[in-house]
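Q: Quick one: the structure is below, questions incoming.
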Amino acid sequence: MSALFTLDPQAVRVLRADTKQQILADLAACFASVYALDSDMVIDGIDEREKLGSTGFGRGVAIPHARIDGLERPVAAFFRLAEPVEFASADGMPVDCVFGLLSPSQAGASHLQALAAISRLMRDERMHERLVAAPDAEALYGLLVNVIDRDAA
């Protein structure tokens, strides 16, 4: 996958959720099942980061992230929401794409580099439109891997 983080195909999903907290809980459950992590530790880390300010950075995108113990390298998950959900985003707009990132607790620059790469990817308006229009999780994964691998080369 990427030199900056791992994105497992099972961590790419189309999700129906009604609240930000439900999205974050589903994200923690996804990280737990796909990457064999403790879901309570994941949700605690994500919630701690959200207390500092919403990770909804605008234009329909949120990037919840945290540094947690037990990881060797950054891992990611991507949710395309069936309907936009209020996320207390910087621009006040609801989100329809959620790109989660977890990094090792001691990750410094590598965590920031992975966040920057995800941010660049998600700021691309054409990519956002393609992600919203993708018919299923398999198509979403194909779109994401194509761009991530291209940018890593």
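Identifiers for the structure tokens are assigned positionally: chains receive A, B, ... in sequence, residues are indexed from 1 per chain, and ligands are indexed from 1 in the order shown.
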Compile the contact shell of stretch 28-43 of chain A as a PDB file with N, CA and C atoms, in the first residue's frame: residues with an atom at most 9 Å away, counting only C-alpha atoms, same-chain residues fewer than 6 positions apart removed.

A:
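As a result, part14.pdb now contains:
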ATOM      1  N   ASP A   8      -6.135  -1.513   4.660  1.00  0.00           N
ATOM      2  CA  ASP A   8      -6.622  -2.846   4.328  1.00  0.00           C
ATOM      3  C   ASP A   8      -7.963  -2.720   3.600  1.00  0.00           C
ATOM      4  N   GLN A  10     -10.571  -4.408   3.866  1.00  0.00           N
ATOM      5  CA  GLN A  10     -11.678  -4.617   4.796  1.00  0.00           C
ATOM      6  C   GLN A  10     -11.975  -3.377   5.638  1.00  0.00           C
ATOM      7  N   ALA A  11     -11.067  -2.405   5.613  1.00  0.00           N
ATOM      8  CA  ALA A  11     -11.248  -1.170   6.380  1.00  0.00           C
ATOM      9  C   ALA A  11     -11.865  -0.056   5.538  1.00  0.00           C
ATOM     10  N   ALA A  66      -5.478   9.444  15.826  1.00  0.00           N
ATOM     11  CA  ALA A  66      -4.919   9.331  17.175  1.00  0.00           C
ATOM     12  C   ALA A  66      -3.608   8.558  17.098  1.00  0.00           C
ATOM     13  N   ARG A  67      -2.851   8.709  18.161  1.00  0.00           N
ATOM     14  CA  ARG A  67      -1.650   7.897  18.351  1.00  0.00           C
ATOM     15  C   ARG A  67      -1.952   6.950  19.504  1.00  0.00           C
ATOM     16  N   ILE A  68      -1.715   5.671  19.280  1.00  0.00           N
ATOM     17  CA  ILE A  68      -2.030   4.687  20.315  1.00  0.00           C
ATOM     18  C   ILE A  68      -0.900   3.673  20.461  1.00  0.00           C
ATOM     19  N   ASP A  69      -0.874   3.023  21.607  1.00  0.00           N
ATOM     20  CA  ASP A  69       0.099   1.964  21.866  1.00  0.00           C
ATOM     21  C   ASP A  69      -0.293   0.709  21.082  1.00  0.00           C
ATOM     22  N   GLY A  70       0.707  -0.101  20.782  1.00  0.00           N
ATOM     23  CA  GLY A  70       0.443  -1.394  20.166  1.00  0.00           C
ATOM     24  C   GLY A  70       0.528  -1.430  18.657  1.00  0.00           C
ATOM     25  N   LEU A  71       0.880  -0.328  18.049  1.00  0.00           N
ATOM     26  CA  LEU A  71       1.017  -0.292  16.591  1.00  0.00           C
ATOM     27  C   LEU A  71       2.490  -0.231  16.206  1.00  0.00           C
ATOM     28  N   VAL A  75      -1.973   2.913  10.442  1.00  0.00           N
ATOM     29  CA  VAL A  75      -3.014   2.171   9.737  1.00  0.00           C
ATOM     30  C   VAL A  75      -4.200   3.110   9.504  1.00  0.00           C
ATOM     31  N   ALA A  76      -4.954   2.838   8.441  1.00  0.00           N
ATOM     32  CA  ALA A  76      -6.050   3.732   8.068  1.00  0.00           C
ATOM     33  C   ALA A  76      -7.335   2.958   7.806  1.00  0.00           C
ATOM     34  N   ALA A  77      -8.441   3.697   7.848  1.00  0.00           N
ATOM     35  CA  ALA A  77      -9.758   3.184   7.484  1.00  0.00           C
ATOM     36  C   ALA A  77     -10.490   4.311   6.752  1.00  0.00           C
ATOM     37  N   GLY A 100     -10.040   7.660   8.681  1.00  0.00           N
ATOM     38  CA  GLY A 100      -9.434   7.489  10.000  1.00  0.00           C
ATOM     39  C   GLY A 100      -7.973   7.091   9.898  1.00  0.00           C
ATOM     40  N   LEU A 102      -4.646   5.857  12.538  1.00  0.00           N
ATOM     41  CA  LEU A 102      -4.036   5.565  13.828  1.00  0.00           C
ATOM     42  C   LEU A 102      -2.548   5.366  13.596  1.00  0.00           C
TER      43      LEU A 102
END

Q: Please report, as a count of residues only, each residue of stretch 88-129 of chain A to which DSSP assigns strand (DSSP E or B) when run on this structure's backbone.

A: 10

Q: Report as JSON lines the residues of stretch 52-132 of chain A within 10 Å of stretch 19-23 of chain A, each with its shortest atom pair and distance in Å (one decimal), using only C-alpha atoms, ordered by chain and increasing residue number.

A:
{"residue": "A:Gly56", "atom": "CA", "partner": "A:Lys20", "partner_atom": "CA", "distance": 9.9}
{"residue": "A:Pro64", "atom": "CA", "partner": "A:Ile23", "partner_atom": "CA", "distance": 9.9}
{"residue": "A:Phe79", "atom": "CA", "partner": "A:Ile23", "partner_atom": "CA", "distance": 8.7}
{"residue": "A:Leu81", "atom": "CA", "partner": "A:Ile23", "partner_atom": "CA", "distance": 9.0}
{"residue": "A:Pro84", "atom": "CA", "partner": "A:Thr19", "partner_atom": "CA", "distance": 9.6}
{"residue": "A:Val85", "atom": "CA", "partner": "A:Thr19", "partner_atom": "CA", "distance": 6.2}
{"residue": "A:Glu86", "atom": "CA", "partner": "A:Lys20", "partner_atom": "CA", "distance": 6.6}
{"residue": "A:Phe87", "atom": "CA", "partner": "A:Lys20", "partner_atom": "CA", "distance": 5.4}
{"residue": "A:Ala88", "atom": "CA", "partner": "A:Lys20", "partner_atom": "CA", "distance": 8.5}
{"residue": "A:Pro94", "atom": "CA", "partner": "A:Lys20", "partner_atom": "CA", "distance": 9.7}
{"residue": "A:Val95", "atom": "CA", "partner": "A:Lys20", "partner_atom": "CA", "distance": 9.3}
{"residue": "A:Val98", "atom": "CA", "partner": "A:Ile23", "partner_atom": "CA", "distance": 8.5}

Q: Using only N, CA and C atoms, please write the residues we just selected to a file, as a PDB file, in the first residue's frame.

A:
ATOM      1  N   GLY A  56     -13.201  17.288  11.658  1.00  0.00           N
ATOM      2  CA  GLY A  56     -13.917  17.597  10.434  1.00  0.00           C
ATOM      3  C   GLY A  56     -13.273  18.835   9.840  1.00  0.00           C
ATOM      4  N   PRO A  64     -10.571  11.728  11.520  1.00  0.00           N
ATOM      5  CA  PRO A  64     -10.317  11.391  12.917  1.00  0.00           C
ATOM      6  C   PRO A  64      -8.991  10.634  13.012  1.00  0.00           C
ATOM      7  N   PHE A  79     -14.437   5.522   5.446  1.00  0.00           N
ATOM      8  CA  PHE A  79     -15.890   5.349   5.387  1.00  0.00           C
ATOM      9  C   PHE A  79     -16.469   6.388   4.441  1.00  0.00           C
ATOM     10  N   LEU A  81     -20.038   7.830   3.813  1.00  0.00           N
ATOM     11  CA  LEU A  81     -21.328   7.806   4.505  1.00  0.00           C
ATOM     12  C   LEU A  81     -22.480   7.796   3.502  1.00  0.00           C
ATOM     13  N   PRO A  84     -24.845  12.467   4.477  1.00  0.00           N
ATOM     14  CA  PRO A  84     -23.957  13.349   5.241  1.00  0.00           C
ATOM     15  C   PRO A  84     -24.401  13.471   6.701  1.00  0.00           C
ATOM     16  N   VAL A  85     -23.408  13.596   7.589  1.00  0.00           N
ATOM     17  CA  VAL A  85     -23.656  13.664   9.032  1.00  0.00           C
ATOM     18  C   VAL A  85     -22.956  14.891   9.615  1.00  0.00           C
ATOM     19  N   GLU A  86     -23.646  15.592  10.500  1.00  0.00           N
ATOM     20  CA  GLU A  86     -23.065  16.740  11.216  1.00  0.00           C
ATOM     21  C   GLU A  86     -21.836  16.264  11.988  1.00  0.00           C
ATOM     22  N   PHE A  87     -20.714  16.995  11.863  1.00  0.00           N
ATOM     23  CA  PHE A  87     -19.463  16.563  12.487  1.00  0.00           C
ATOM     24  C   PHE A  87     -18.741  17.717  13.184  1.00  0.00           C
ATOM     25  N   ALA A  88     -19.412  18.854  13.356  1.00  0.00           N
ATOM     26  CA  ALA A  88     -18.783  20.052  13.933  1.00  0.00           C
ATOM     27  C   ALA A  88     -17.543  20.452  13.133  1.00  0.00           C
ATOM     28  N   PRO A  94     -21.824  19.255   6.923  1.00  0.00           N
ATOM     29  CA  PRO A  94     -21.778  17.844   7.333  1.00  0.00           C
ATOM     30  C   PRO A  94     -20.743  17.087   6.499  1.00  0.00           C
ATOM     31  N   VAL A  95     -20.328  15.926   6.984  1.00  0.00           N
ATOM     32  CA  VAL A  95     -19.320  15.137   6.275  1.00  0.00           C
ATOM     33  C   VAL A  95     -19.959  13.937   5.585  1.00  0.00           C
ATOM     34  N   VAL A  98     -15.077   9.939   5.655  1.00  0.00           N
ATOM     35  CA  VAL A  98     -14.332   9.888   6.911  1.00  0.00           C
ATOM     36  C   VAL A  98     -13.105   9.008   6.687  1.00  0.00           C
TER      37      VAL A  98
END

Q: Determine, counting only C-alpha atoms, which protein, DNA and RNA residues have an atom within 6 Å of an atom of stretch 133-140 of chain A; residues of the same chain fewer than 6 positions away are not included. Present the result as a list in words.

A: Val12, Arg13 and Val14 of chain A

Q: What is the atom CA of A:His65-atom CA of A:Ile46 distance in Å, reported with one decimal?

A: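 If I compute the distance from atom CA of A:His65 to atom CA of A:Ile46, I get 5.8 Å.
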
Q: I'd like to know which of A:Leu24, A:Ala82, A:Leu112, A:Leu144 is closest to A:Ser54, using only C-alpha atoms.

A: A:Leu24

Q: For the structure I just gave you, how does DSSP split stretch 4-138 of chain A - specifically, which residues are alpha helix (DSSP H)? Reply as JSON, numbers by chain.

A: {"A": [20, 21, 22, 23, 24, 25, 26, 27, 28, 29, 30, 31, 32, 33, 34, 35, 39, 40, 41, 42, 43, 44, 45, 46, 47, 48, 49, 50, 51, 52, 109, 110, 111, 112, 113, 114, 115, 116, 117, 118, 119, 120, 121, 122, 123, 125, 126, 127, 128, 129, 130, 131, 132, 133, 137, 138]}

Q: Within 8 Å of A:Leu131, counting only C-alpha atoms, which residues qualify if same-chain residues fewer than 3 places away don't, as a count of residues only?

A: 7

Q: Excluding A:Pro74 and its own-chain neighbours fewer than 4 positions away, which residues fall within 7 Å of it when counting only C-alpha atoms? Please give them as JSON, numbers by chain.

A: {"A": [4, 5, 6, 101, 102, 103, 104]}

Q: Taking into account only C-alpha atoms, which residue in the set A:Phe57, A:Ile118, A:Phe78, A:Glu48 is nearest to A:Gly142?

A: A:Phe78

Q: Can you work out the spacing between atom CA of A:Leu7 and atom CA of A:Asp91 in Å, to one decimal?

A: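 Straight-line distance from atom CA of A:Leu7 to atom CA of A:Asp91 works out to 27.3 Å.
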
Q: With only C-alpha atoms as the basis for distance, which of A:Val132, A:Arg126, A:Thr55, A:Ala3 is at the shortest distance from A:Leu15?

A: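 Closest to A:Leu15, using only C-alpha atoms: A:Val132.
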